[in-house]
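Trainee: Sharing target_4.cif below, mmCIF, C-alpha atoms:
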```cif
data_start
#
loop_
_atom_site.label_atom_id
_atom_site.label_comp_id
_atom_site.auth_asym_id
_atom_site.auth_seq_id
_atom_site.Cartn_x
_atom_site.Cartn_y
_atom_site.Cartn_z
CA MET A 1 307.18 100.27 205.69
CA LEU A 2 310.69 101.56 206.32
CA LYS A 3 312.83 99.69 208.80
CA GLY A 4 313.98 101.76 211.73
CA ASN A 5 317.66 100.88 211.61
CA THR A 6 320.78 101.66 209.65
CA PRO A 7 321.25 99.51 206.54
CA GLY A 8 324.17 97.16 206.48
CA LYS A 9 325.06 97.97 202.88
CA PHE A 10 324.53 101.00 200.68
CA THR A 11 323.79 100.80 196.96
CA PRO A 12 325.22 103.70 194.90
CA LEU A 13 322.94 105.34 192.35
CA GLY A 14 324.37 106.71 189.11
CA ASP A 15 327.90 106.77 187.72
CA GLY A 16 330.36 109.30 189.09
CA LEU A 17 331.08 110.95 192.42
CA HIS A 18 328.59 109.84 195.06
CA LEU A 19 327.10 111.85 197.93
CA GLY A 20 324.71 110.73 200.63
CA PHE A 21 322.83 112.64 203.31
CA GLU A 22 321.26 112.40 206.74
CA LEU A 23 318.14 114.55 207.20
CA GLU A 24 316.61 115.08 210.66
CA LEU A 25 312.98 116.24 210.88
CA PHE A 26 310.33 116.82 213.54
CA HIS A 27 306.94 115.03 213.63
CA ARG A 28 304.05 115.78 215.98
CA ARG A 29 303.74 112.06 216.76
CA GLY A 30 307.38 111.90 217.80
CA PHE A 31 309.88 109.22 216.87
CA SER A 32 307.25 106.44 216.98
CA VAL A 33 305.96 107.60 213.58
CA VAL A 34 308.81 105.70 211.89
CA GLN A 35 306.98 102.39 212.45
CA ASP A 36 303.96 103.52 210.40
CA LEU A 37 305.62 105.22 207.44
CA PRO A 38 304.62 103.93 204.01
CA ALA A 39 307.37 102.76 201.70
CA PRO A 40 308.59 105.74 199.60
CA GLU A 41 308.61 103.71 196.37
CA LYS A 42 304.89 103.02 196.80
CA TRP A 43 304.26 106.75 197.15
CA HIS A 44 306.24 107.53 193.98
CA PRO A 45 308.19 105.16 191.69
CA GLN A 46 311.12 107.64 191.41
CA LEU A 47 311.91 106.99 195.08
CA GLU A 48 312.61 103.30 194.60
CA GLY A 49 316.05 102.56 196.04
CA TYR A 50 316.65 106.20 197.06
CA VAL A 51 315.97 106.05 200.81
CA ALA A 52 318.27 103.71 202.73
CA ALA A 53 316.58 103.91 206.13
CA ALA A 54 314.43 105.92 208.52
CA ILE A 55 315.71 105.95 212.10
CA PRO A 56 313.86 107.22 215.20
CA GLU A 57 315.61 110.40 216.34
CA LEU A 58 314.93 111.45 219.92
CA SER A 59 316.96 114.67 219.74
CA VAL A 60 314.48 116.27 217.29
CA ASP A 61 311.40 114.26 218.38
CA GLY A 62 311.02 112.79 214.94
CA ALA A 63 313.11 110.79 212.47
CA GLU A 64 316.43 110.77 210.68
CA PHE A 65 316.40 109.74 207.03
CA LEU A 66 319.44 108.28 205.29
CA SER A 67 319.76 108.38 201.52
CA GLN A 68 321.62 105.97 199.32
CA PRO A 69 324.91 107.32 197.89
CA ALA A 70 323.97 109.03 194.64
CA THR A 71 325.38 111.44 192.09
CA LEU A 72 324.23 115.05 192.11
CA GLU A 73 322.17 114.34 189.00
CA GLU A 74 320.25 111.60 190.83
CA HIS A 75 319.73 113.82 193.87
CA ARG A 76 318.38 116.63 191.67
CA LYS A 77 315.81 114.25 190.18
CA ARG A 78 314.74 112.49 193.37
CA LEU A 79 315.26 114.81 196.34
CA PRO A 80 312.36 117.22 195.52
CA ILE A 81 310.01 114.22 195.23
CA PHE A 82 311.31 112.81 198.51
CA LEU A 83 310.67 116.12 200.28
CA GLU A 84 307.09 116.10 198.97
CA TYR A 85 306.74 112.60 200.44
CA LEU A 86 307.95 113.87 203.82
CA ARG A 87 305.58 116.84 203.80
CA ASP A 88 302.69 114.58 202.81
CA ASN A 89 303.46 112.36 205.82
CA GLY A 90 303.48 115.22 208.32
CA PHE A 91 307.18 115.98 208.79
CA ARG A 92 308.15 119.55 209.57
CA THR A 93 311.09 121.72 210.58
CA LYS A 94 310.85 123.74 213.79
CA LYS A 95 312.22 127.28 213.85
CA ARG A 96 314.59 126.75 216.76
CA GLU A 97 315.07 123.01 216.46
CA ARG A 98 318.64 121.71 216.22
CA ALA A 99 317.86 119.44 213.30
CA GLY A 100 320.61 118.93 210.76
CA PHE A 101 321.28 118.06 207.16
CA HIS A 102 324.60 116.18 207.05
CA VAL A 103 326.22 115.41 203.70
CA HIS A 104 328.66 112.56 203.11
CA VAL A 105 331.07 112.91 200.18
CA GLU A 106 333.14 109.90 199.18
CA ARG A 107 336.81 110.35 200.01
CA GLY A 108 337.76 109.75 196.39
CA ALA A 109 336.61 113.31 195.72
CA LEU A 110 339.97 114.43 197.15
CA GLY A 111 342.12 111.85 195.39
CA THR A 112 343.99 108.92 196.91
CA ASP A 113 346.88 108.30 199.30
CA ARG A 114 349.31 111.23 199.52
CA ASP A 115 347.20 113.39 197.22
CA PHE A 116 344.24 112.87 199.54
CA GLU A 117 346.17 114.09 202.61
CA ASN A 118 347.37 117.25 200.85
CA ASN A 119 343.95 117.99 199.37
CA LEU A 120 342.24 117.43 202.73
CA GLU A 121 344.55 120.00 204.32
CA ARG A 122 343.66 122.46 201.54
CA LEU A 123 339.95 121.78 202.15
CA VAL A 124 340.33 122.45 205.88
CA ALA A 125 342.39 125.58 205.18
CA LEU A 126 339.50 126.90 203.09
CA LEU A 127 336.55 125.97 205.31
CA ILE A 128 338.02 126.51 208.78
CA TYR A 129 340.92 128.92 208.21
CA GLY A 130 339.45 130.83 205.28
CA GLY A 131 338.57 133.96 207.22
CA GLY A 132 335.36 135.93 207.66
CA ALA A 133 334.24 135.91 204.02
CA TRP A 134 334.32 132.11 203.89
CA GLU A 135 332.55 131.82 207.25
CA ARG A 136 329.75 134.14 206.17
CA TYR A 137 329.26 132.26 202.92
CA GLN A 138 329.20 128.90 204.70
CA ARG A 139 326.51 130.22 207.02
CA ARG A 140 324.50 131.27 204.00
CA VAL A 141 324.86 127.99 202.13
CA ALA A 142 324.42 125.78 205.22
CA GLY A 143 321.15 127.41 206.23
CA ARG A 144 322.26 129.79 209.01
CA TRP A 145 322.23 127.31 211.90
CA ALA A 146 323.14 129.94 214.50
CA LYS A 147 323.96 127.57 217.34
CA ARG A 148 326.67 125.98 215.22
CA TRP A 149 328.25 129.32 214.37
CA ALA A 150 328.65 130.66 217.89
CA SER A 151 331.34 132.93 219.29
CA PRO A 152 335.02 131.90 219.00
CA GLY A 153 335.07 130.95 222.67
CA ARG A 154 332.72 128.03 222.02
CA LYS A 155 334.26 124.66 221.19
CA TRP A 156 332.57 124.32 217.79
CA ALA A 157 333.54 127.74 216.45
CA SER A 158 336.33 127.93 213.93
CA PRO A 159 339.72 129.29 215.10
CA ARG A 160 340.36 133.00 214.66
CA TRP A 161 343.53 135.02 214.31
CA TRP A 162 344.74 138.60 214.06
CA GLY A 163 345.42 139.53 210.46
CA THR A 164 345.34 137.29 207.40
CA PRO A 165 347.70 134.28 207.51
CA SER A 166 349.71 133.29 204.46
CA PRO A 167 348.76 130.11 202.53
CA GLU A 168 351.69 128.31 204.17
CA GLU A 169 350.49 129.30 207.65
CA ARG A 170 346.93 128.23 206.83
CA LEU A 171 348.13 124.85 205.58
CA ASP A 172 350.20 124.37 208.74
CA LEU A 173 347.16 125.17 210.87
CA ALA A 174 345.04 122.84 208.74
CA ALA A 175 347.54 119.98 209.09
CA LEU A 176 347.43 120.37 212.88
CA TRP A 177 343.62 120.48 212.83
CA VAL A 178 343.42 117.27 210.76
CA LYS A 179 345.82 115.52 213.15
CA GLN A 180 343.76 116.58 216.17
CA ASN A 181 340.34 115.76 214.68
CA THR A 182 340.92 112.50 212.79
CA SER A 183 339.51 110.36 215.61
CA ARG A 184 336.86 112.70 217.01
CA LYS A 185 333.68 114.20 215.66
CA SER A 186 334.04 117.79 214.47
CA ILE A 187 331.09 120.09 213.95
CA ARG A 188 332.33 121.24 210.51
CA ILE A 189 333.95 118.21 208.86
CA ASN A 190 333.78 114.78 210.44
CA LEU A 191 336.80 112.63 209.53
CA GLN A 192 335.79 109.54 211.52
CA HIS A 193 334.23 107.68 208.60
CA ARG A 194 336.50 105.39 206.60
CA ALA A 195 334.83 105.94 203.23
CA THR A 196 333.39 109.47 203.41
CA LEU A 197 333.91 113.04 204.56
CA GLU A 198 330.88 114.27 206.52
CA PHE A 199 329.88 117.94 206.27
CA ARG A 200 327.85 118.49 209.44
CA GLN A 201 327.02 122.21 209.41
CA GLY A 202 323.87 122.00 207.25
CA ALA A 203 320.46 122.90 208.68
CA ALA A 204 317.41 120.72 208.07
CA SER A 205 314.86 122.04 205.59
CA LEU A 206 312.01 120.91 203.37
CA ASP A 207 313.09 123.37 200.67
CA ALA A 208 314.72 121.40 197.84
CA ARG A 209 316.58 124.47 196.60
CA LYS A 210 318.39 124.90 199.92
CA LEU A 211 319.32 121.24 200.33
CA LEU A 212 320.49 120.87 196.73
CA GLY A 213 322.52 124.06 197.12
CA PHE A 214 324.34 122.55 200.11
CA LEU A 215 324.96 119.30 198.19
CA ASP A 216 326.39 121.35 195.32
CA PHE A 217 328.61 123.28 197.73
CA CYS A 218 330.01 120.13 199.38
CA GLU A 219 330.98 118.55 196.07
CA SER A 220 332.27 121.74 194.44
CA VAL A 221 334.48 122.76 197.38
CA CYS A 222 336.04 119.28 197.40
CA ARG A 223 336.79 119.55 193.69
CA TYR A 224 338.17 123.05 194.19
CA ALA A 225 340.51 121.87 196.96
CA ARG A 226 341.66 119.00 194.74
CA ASP A 227 342.18 120.93 191.50
CA THR A 228 343.58 124.28 192.67
CA GLU A 229 346.31 125.70 194.86
CA LEU A 230 345.89 128.21 197.68
CA GLU A 231 346.90 131.66 196.49
CA PRO A 232 348.42 134.51 198.57
CA GLU A 233 345.34 136.66 198.25
CA SER A 234 342.62 137.96 200.55
CA PRO A 235 339.83 135.57 201.68
CA ARG A 236 337.33 137.54 199.60
CA GLN A 237 339.42 137.17 196.46
CA GLU A 238 339.84 133.47 197.07
CA LEU A 239 336.12 133.03 197.70
CA ALA A 240 335.39 134.87 194.46
CA ARG A 241 337.79 132.52 192.65
CA PHE A 242 335.95 129.51 194.13
CA LEU A 243 332.55 130.87 193.06
CA GLU A 244 333.82 131.38 189.52
CA PHE A 245 335.22 127.83 189.53
CA ALA A 246 331.88 126.42 190.72
CA GLN A 247 329.90 128.39 188.16
CA GLU A 248 332.12 127.27 185.29
CA ALA A 249 331.80 123.64 186.49
CA GLY A 250 328.00 123.86 186.35
CA TYR A 251 327.18 123.94 190.06
CA THR A 252 324.20 125.93 191.34
CA LEU A 253 325.22 127.68 194.55
CA PRO A 254 323.26 130.22 196.61
CA SER A 255 323.97 133.72 195.39
CA PRO A 256 326.15 135.93 197.62
CA ARG A 257 324.84 139.20 198.95
CA ARG A 258 326.87 141.95 197.34
CA LYS A 259 329.58 142.85 194.87
CA LEU A 260 333.05 144.14 195.56
CA GLN A 261 335.57 145.76 193.25
CA PHE A 262 339.28 145.16 193.66
CA ARG A 263 342.40 144.79 191.52
CA ILE A 264 344.13 141.59 190.45
CA SER A 265 347.54 142.06 188.80
CA GLY A 266 346.70 145.72 188.14
CA ASN A 267 343.41 144.98 186.35
CA PRO A 268 340.18 146.31 187.88
CA ARG A 269 337.76 143.47 188.37
CA THR A 270 334.30 143.04 189.89
CA VAL A 271 333.52 139.83 191.74
CA ILE A 272 330.64 138.67 193.89
CA VAL A 273 331.28 138.11 197.58
CA PRO A 274 328.94 137.36 200.48
#
```
Represent the supplied structure as structure tokens.
Mentor:
Amino acid sequence: MLKGNTPGKFTPLGDGLHLGFELELFHRRGFSVVQDLPAPEKWHPQLEGYVAAAIPELSVDGAEFLSQPATLEEHRKRLPIFLEYLRDNGFRTKKRERAGFHVHVERGALGTDRDFENNLERLVALLIYGGGAWERYQRRVAGRWAKRWASPGRKWASPRWWGTPSPEERLDLAALWVKQNTSRKSIRINLQHRATLEFRQGAASLDARKLLGFLDFCESVCRYARDTELEPESPRQELARFLEFAQEAGYTLPSPRRKLQFRISGNPRTVIVP
């Protein structure tokens, strides 16, 4: 039986960059079902040590599951089996339920000390000040949680502007955003945790492809912010550059919707954009 509380200590699985997740799901018996859940490792040996805790979750009338920090390779092996375990025990997603899939990426993904601060500002500049192309792709990869992508007048919507700001302007806006949101919970990136960055815009699902795609996105966009510089190009061009970076690094991201032709340094080029 799983204990219905948060574990005091997490045990990383695999060698490399670690990610963990929180998955909220509905159950017809409500949050009391947590007391009667069988241990995942007894259901399948691959799940031994993978699930950290199951917590009663009143907001979705079900449970919230916490994974151990694990590498993407470990998640790819174990997450599909874990979702089968959840389906077998009666957990479901509701069409209009505000259930989430929150991913925690260790802060080391963005470097340390001064490098971390600069890379975090680049990450925020991409995700929050990246323009319409980035917003549309995030909706696609996060699972289209409409209530978290409301109109600009709502407090959780990303800031908007007239025209396309320069990289310097975006970094200035990002630095201000980081300063304002370090001690409070943001709907996009939560900076309150000492050891992790929490990506909160994911929608709950029992589809392994969708959840693994969001895990891939969270790690790849952190690596992109760490290893590249913002370029003075359109948001679509920059998004295309990110998708090429992710593909070359071996990440499997949801495919964008359409193709667009434009010129880079005078050379015609076709890239995929959402």
Trainee: Grab the atom CA of Gly108 of chain A to atom CA of Leu17 of chain A distance for me, in Å with one decimal place.
Mentor: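 Separating atom CA of Gly108 of chain A from atom CA of Leu17 of chain A is a distance of 7.9 Å.
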Trainee: Given only C-alpha atoms as the basis, pick out the residue of A:Asp227, A:Gly20, A:Arg78, A:Leu72 nearest to Leu197 of chain A.
Mentor: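 Of A:Asp227, A:Gly20, A:Arg78, A:Leu72, the one nearest Leu197 of chain A, counting only C-alpha atoms, is A:Gly20.
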Trainee: I need the residue set behind the PyMOL selection byres ((chain A and resi 77) around 12) for this file; please write it as a list in words.
Mentor: Leu13, Gly14, Pro45, Gln46, Leu47, Tyr50, Ala70, Thr71, Leu72, Glu73, Glu74, His75, Arg76, Arg78, Leu79, Pro80, Ile81, Phe82, Leu83, Ala208 and Leu212 of chain A
Trainee: Using all atoms listed in the file, find each residue of segment 73-157 of chain A with at least one atom at most 9 Å away from an atom of segment 230-253 of chain A; report its shortest atom-to-atom pair and that distance in Å (one decimal), sort the rows by chain and rising residue number, and return the result as a Markdown table.
Mentor:
```
| residue | atom | partner | partner_atom | distance |
| --- | --- | --- | --- | --- |
| A:Arg122 | CA | A:Leu230 | CA | 7.3 |
| A:Ala125 | CA | A:Leu230 | CA | 8.7 |
| A:Leu126 | CA | A:Leu230 | CA | 8.5 |
| A:Gly130 | CA | A:Pro235 | CA | 6.0 |
| A:Gly131 | CA | A:Pro235 | CA | 5.9 |
| A:Gly132 | CA | A:Pro235 | CA | 7.5 |
| A:Ala133 | CA | A:Arg236 | CA | 5.6 |
| A:Trp134 | CA | A:Leu239 | CA | 6.5 |
| A:Tyr137 | CA | A:Leu239 | CA | 8.7 |
| A:Val141 | CA | A:Leu253 | CA | 7.6 |
```
Trainee: Around all of segment 75-83 of chain A's listed atoms, make the axis-aligned box with 3 Å on each side and tell me centre and edge lengths in Å to one decimal, as lines of an AutoDock Vina configuration file.
Mentor:
```
center_x = 314.9
center_y = 114.9
center_z = 195.2
size_x = 15.7
size_y = 10.7
size_z = 16.1
```
Trainee: Written as a short mmCIF file (atom, residue, chain, number, x, y, z; two decimals) with C-alpha atoms, in the coordinates of the input, which residues does the PyMOL selection byres ((chain A and resi 179) around 12) give for the file shown?
Mentor:
```cif
data_model
loop_
_atom_site.label_atom_id
_atom_site.label_comp_id
_atom_site.auth_asym_id
_atom_site.auth_seq_id
_atom_site.Cartn_x
_atom_site.Cartn_y
_atom_site.Cartn_z
CA GLU A 117 346.17 114.09 202.61
CA LEU A 120 342.24 117.43 202.73
CA GLU A 121 344.55 120.00 204.32
CA VAL A 124 340.33 122.45 205.88
CA ASP A 172 350.20 124.37 208.74
CA LEU A 173 347.16 125.17 210.87
CA ALA A 174 345.04 122.84 208.74
CA ALA A 175 347.54 119.98 209.09
CA LEU A 176 347.43 120.37 212.88
CA TRP A 177 343.62 120.48 212.83
CA VAL A 178 343.42 117.27 210.76
CA GLN A 180 343.76 116.58 216.17
CA ASN A 181 340.34 115.76 214.68
CA THR A 182 340.92 112.50 212.79
CA SER A 183 339.51 110.36 215.61
CA ARG A 184 336.86 112.70 217.01
CA LEU A 191 336.80 112.63 209.53
CA GLN A 192 335.79 109.54 211.52
#
```
Trainee: Find the residues around Gln68 of chain A up to 9 Å (only C-alpha atoms counted), leave out those fewer than 6 positions away in its own chain, and share them as a ChimeraX atom specification.
Mentor: /A:10-13,19-21,49-53
Trainee: Based on the selection just made, write C-alpha atoms of those residues as a PDB file, in the coordinates of the input.
Mentor:
```
ATOM      1  CA  PHE A  10     324.530 101.000 200.680  1.00  0.00           C
ATOM      2  CA  THR A  11     323.790 100.800 196.960  1.00  0.00           C
ATOM      3  CA  PRO A  12     325.220 103.700 194.900  1.00  0.00           C
ATOM      4  CA  LEU A  13     322.940 105.340 192.350  1.00  0.00           C
ATOM      5  CA  LEU A  19     327.100 111.850 197.930  1.00  0.00           C
ATOM      6  CA  GLY A  20     324.710 110.730 200.630  1.00  0.00           C
ATOM      7  CA  PHE A  21     322.830 112.640 203.310  1.00  0.00           C
ATOM      8  CA  GLY A  49     316.050 102.560 196.040  1.00  0.00           C
ATOM      9  CA  TYR A  50     316.650 106.200 197.060  1.00  0.00           C
ATOM     10  CA  VAL A  51     315.970 106.050 200.810  1.00  0.00           C
ATOM     11  CA  ALA A  52     318.270 103.710 202.730  1.00  0.00           C
ATOM     12  CA  ALA A  53     316.580 103.910 206.130  1.00  0.00           C
TER      13      ALA A  53
END
```
Trainee: Residues proximal to (332.8, 109.6, 209.6) were defined as those with any atom within 12 Å of that point in the file's coordinates, counting only C-alpha atoms. Which are they, as a list in words?
Mentor: His102, Val103, His104, Val105, Glu106, Arg107, Asn181, Thr182, Ser183, Arg184, Lys185, Ser186, Ile187, Arg188, Ile189, Asn190, Leu191, Gln192, His193, Arg194, Ala195, Thr196, Leu197, Glu198, Phe199 and Arg200 of chain A
Trainee: Once you've located segment 41-122 of chain A in the structure I gave, write it as a PDB file, in the first residue's frame, keeping C-alpha atoms.
Mentor:
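Result file decode-v6.pdb:
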```
ATOM      1  CA  GLU A  41       6.180  -2.875  -7.362  1.00  0.00           C
ATOM      2  CA  LYS A  42       3.847  -5.792  -6.595  1.00  0.00           C
ATOM      3  CA  TRP A  43       1.866  -5.013  -9.739  1.00  0.00           C
ATOM      4  CA  HIS A  44       5.019  -4.926 -11.883  1.00  0.00           C
ATOM      5  CA  PRO A  45       8.689  -5.301 -10.830  1.00  0.00           C
ATOM      6  CA  GLN A  46       9.776  -2.418 -13.125  1.00  0.00           C
ATOM      7  CA  LEU A  47       7.910   0.001 -10.839  1.00  0.00           C
ATOM      8  CA  GLU A  48      10.019  -0.786  -7.786  1.00  0.00           C
ATOM      9  CA  GLY A  49      11.372   2.497  -6.428  1.00  0.00           C
ATOM     10  CA  TYR A  50       9.708   4.583  -9.173  1.00  0.00           C
ATOM     11  CA  VAL A  51       6.711   6.019  -7.302  1.00  0.00           C
ATOM     12  CA  ALA A  52       7.610   8.186  -4.316  1.00  0.00           C
ATOM     13  CA  ALA A  53       4.112   8.739  -2.921  1.00  0.00           C
ATOM     14  CA  ALA A  54       0.387   8.902  -3.614  1.00  0.00           C
ATOM     15  CA  ILE A  55      -1.352  11.853  -1.966  1.00  0.00           C
ATOM     16  CA  PRO A  56      -5.126  12.419  -1.665  1.00  0.00           C
ATOM     17  CA  GLU A  57      -6.011  15.345  -3.934  1.00  0.00           C
ATOM     18  CA  LEU A  58      -9.329  17.045  -3.204  1.00  0.00           C
ATOM     19  CA  SER A  59      -9.126  19.495  -6.119  1.00  0.00           C
ATOM     20  CA  VAL A  60      -9.504  16.676  -8.696  1.00  0.00           C
ATOM     21  CA  ASP A  61     -11.419  14.238  -6.446  1.00  0.00           C
ATOM     22  CA  GLY A  62      -8.698  11.661  -6.741  1.00  0.00           C
ATOM     23  CA  ALA A  63      -4.966  11.407  -6.104  1.00  0.00           C
ATOM     24  CA  GLU A  64      -1.668  13.062  -6.877  1.00  0.00           C
ATOM     25  CA  PHE A  65       1.261  10.775  -7.671  1.00  0.00           C
ATOM     26  CA  LEU A  66       4.871  11.813  -7.154  1.00  0.00           C
ATOM     27  CA  SER A  67       7.678  10.075  -8.995  1.00  0.00           C
ATOM     28  CA  GLN A  68      11.238   9.660  -7.870  1.00  0.00           C
ATOM     29  CA  PRO A  69      13.768  11.886  -9.689  1.00  0.00           C
ATOM     30  CA  ALA A  70      14.856   9.902 -12.729  1.00  0.00           C
ATOM     31  CA  THR A  71      16.640  10.340 -16.033  1.00  0.00           C
ATOM     32  CA  LEU A  72      14.616  10.498 -19.231  1.00  0.00           C
ATOM     33  CA  GLU A  73      15.800   6.987 -20.071  1.00  0.00           C
ATOM     34  CA  GLU A  74      14.331   5.657 -16.811  1.00  0.00           C
ATOM     35  CA  HIS A  75      11.069   7.528 -17.368  1.00  0.00           C
ATOM     36  CA  ARG A  76      10.773   6.095 -20.885  1.00  0.00           C
ATOM     37  CA  LYS A  77      11.112   2.562 -19.502  1.00  0.00           C
ATOM     38  CA  ARG A  78       8.853   2.919 -16.472  1.00  0.00           C
ATOM     39  CA  LEU A  79       6.240   5.603 -17.135  1.00  0.00           C
ATOM     40  CA  PRO A  80       4.174   3.571 -19.683  1.00  0.00           C
ATOM     41  CA  ILE A  81       4.024   0.684 -17.186  1.00  0.00           C
ATOM     42  CA  PHE A  82       3.023   3.065 -14.396  1.00  0.00           C
ATOM     43  CA  LEU A  83       0.181   4.472 -16.513  1.00  0.00           C
ATOM     44  CA  GLU A  84      -1.073   0.929 -17.135  1.00  0.00           C
ATOM     45  CA  TYR A  85      -1.047   0.421 -13.363  1.00  0.00           C
ATOM     46  CA  LEU A  86      -3.147   3.571 -12.905  1.00  0.00           C
ATOM     47  CA  ARG A  87      -5.663   2.545 -15.568  1.00  0.00           C
ATOM     48  CA  ASP A  88      -5.914  -0.924 -14.055  1.00  0.00           C
ATOM     49  CA  ASN A  89      -6.755   0.646 -10.687  1.00  0.00           C
ATOM     50  CA  GLY A  90      -9.538   2.840 -12.056  1.00  0.00           C
ATOM     51  CA  PHE A  91      -7.881   6.249 -12.462  1.00  0.00           C
ATOM     52  CA  ARG A  92      -9.133   8.470 -15.258  1.00  0.00           C
ATOM     53  CA  THR A  93      -8.832  11.972 -16.679  1.00  0.00           C
ATOM     54  CA  LYS A  94     -11.967  14.104 -16.976  1.00  0.00           C
ATOM     55  CA  LYS A  95     -12.453  16.242 -20.064  1.00  0.00           C
ATOM     56  CA  ARG A  96     -12.856  19.531 -18.217  1.00  0.00           C
ATOM     57  CA  GLU A  97     -10.997  18.660 -15.044  1.00  0.00           C
ATOM     58  CA  ARG A  98      -8.182  20.977 -13.972  1.00  0.00           C
ATOM     59  CA  ALA A  99      -5.776  18.128 -13.320  1.00  0.00           C
ATOM     60  CA  GLY A 100      -2.131  18.790 -14.030  1.00  0.00           C
ATOM     61  CA  PHE A 101       1.139  17.133 -14.922  1.00  0.00           C
ATOM     62  CA  HIS A 102       3.924  19.149 -13.276  1.00  0.00           C
ATOM     63  CA  VAL A 103       7.546  18.411 -14.141  1.00  0.00           C
ATOM     64  CA  HIS A 104      10.488  19.190 -11.860  1.00  0.00           C
ATOM     65  CA  VAL A 105      13.892  19.622 -13.511  1.00  0.00           C
ATOM     66  CA  GLU A 106      16.954  19.848 -11.291  1.00  0.00           C
ATOM     67  CA  ARG A 107      18.456  23.331 -11.264  1.00  0.00           C
ATOM     68  CA  GLY A 108      21.800  21.950 -12.410  1.00  0.00           C
ATOM     69  CA  ALA A 109      20.275  21.727 -15.890  1.00  0.00           C
ATOM     70  CA  LEU A 110      20.911  25.480 -16.182  1.00  0.00           C
ATOM     71  CA  GLY A 111      24.404  25.480 -14.694  1.00  0.00           C
ATOM     72  CA  THR A 112      25.539  26.923 -11.377  1.00  0.00           C
ATOM     73  CA  ASP A 113      25.857  30.319  -9.681  1.00  0.00           C
ATOM     74  CA  ARG A 114      26.118  33.210 -12.149  1.00  0.00           C
ATOM     75  CA  ASP A 115      25.666  30.936 -15.152  1.00  0.00           C
ATOM     76  CA  PHE A 116      22.410  29.688 -13.640  1.00  0.00           C
ATOM     77  CA  GLU A 117      20.993  33.218 -13.281  1.00  0.00           C
ATOM     78  CA  ASN A 118      21.823  34.143 -16.879  1.00  0.00           C
ATOM     79  CA  ASN A 119      20.501  30.864 -18.261  1.00  0.00           C
ATOM     80  CA  LEU A 120      17.298  31.152 -16.220  1.00  0.00           C
ATOM     81  CA  GLU A 121      16.659  34.578 -17.733  1.00  0.00           C
ATOM     82  CA  ARG A 122      17.178  33.096 -21.212  1.00  0.00           C
TER      83      ARG A 122
END
```
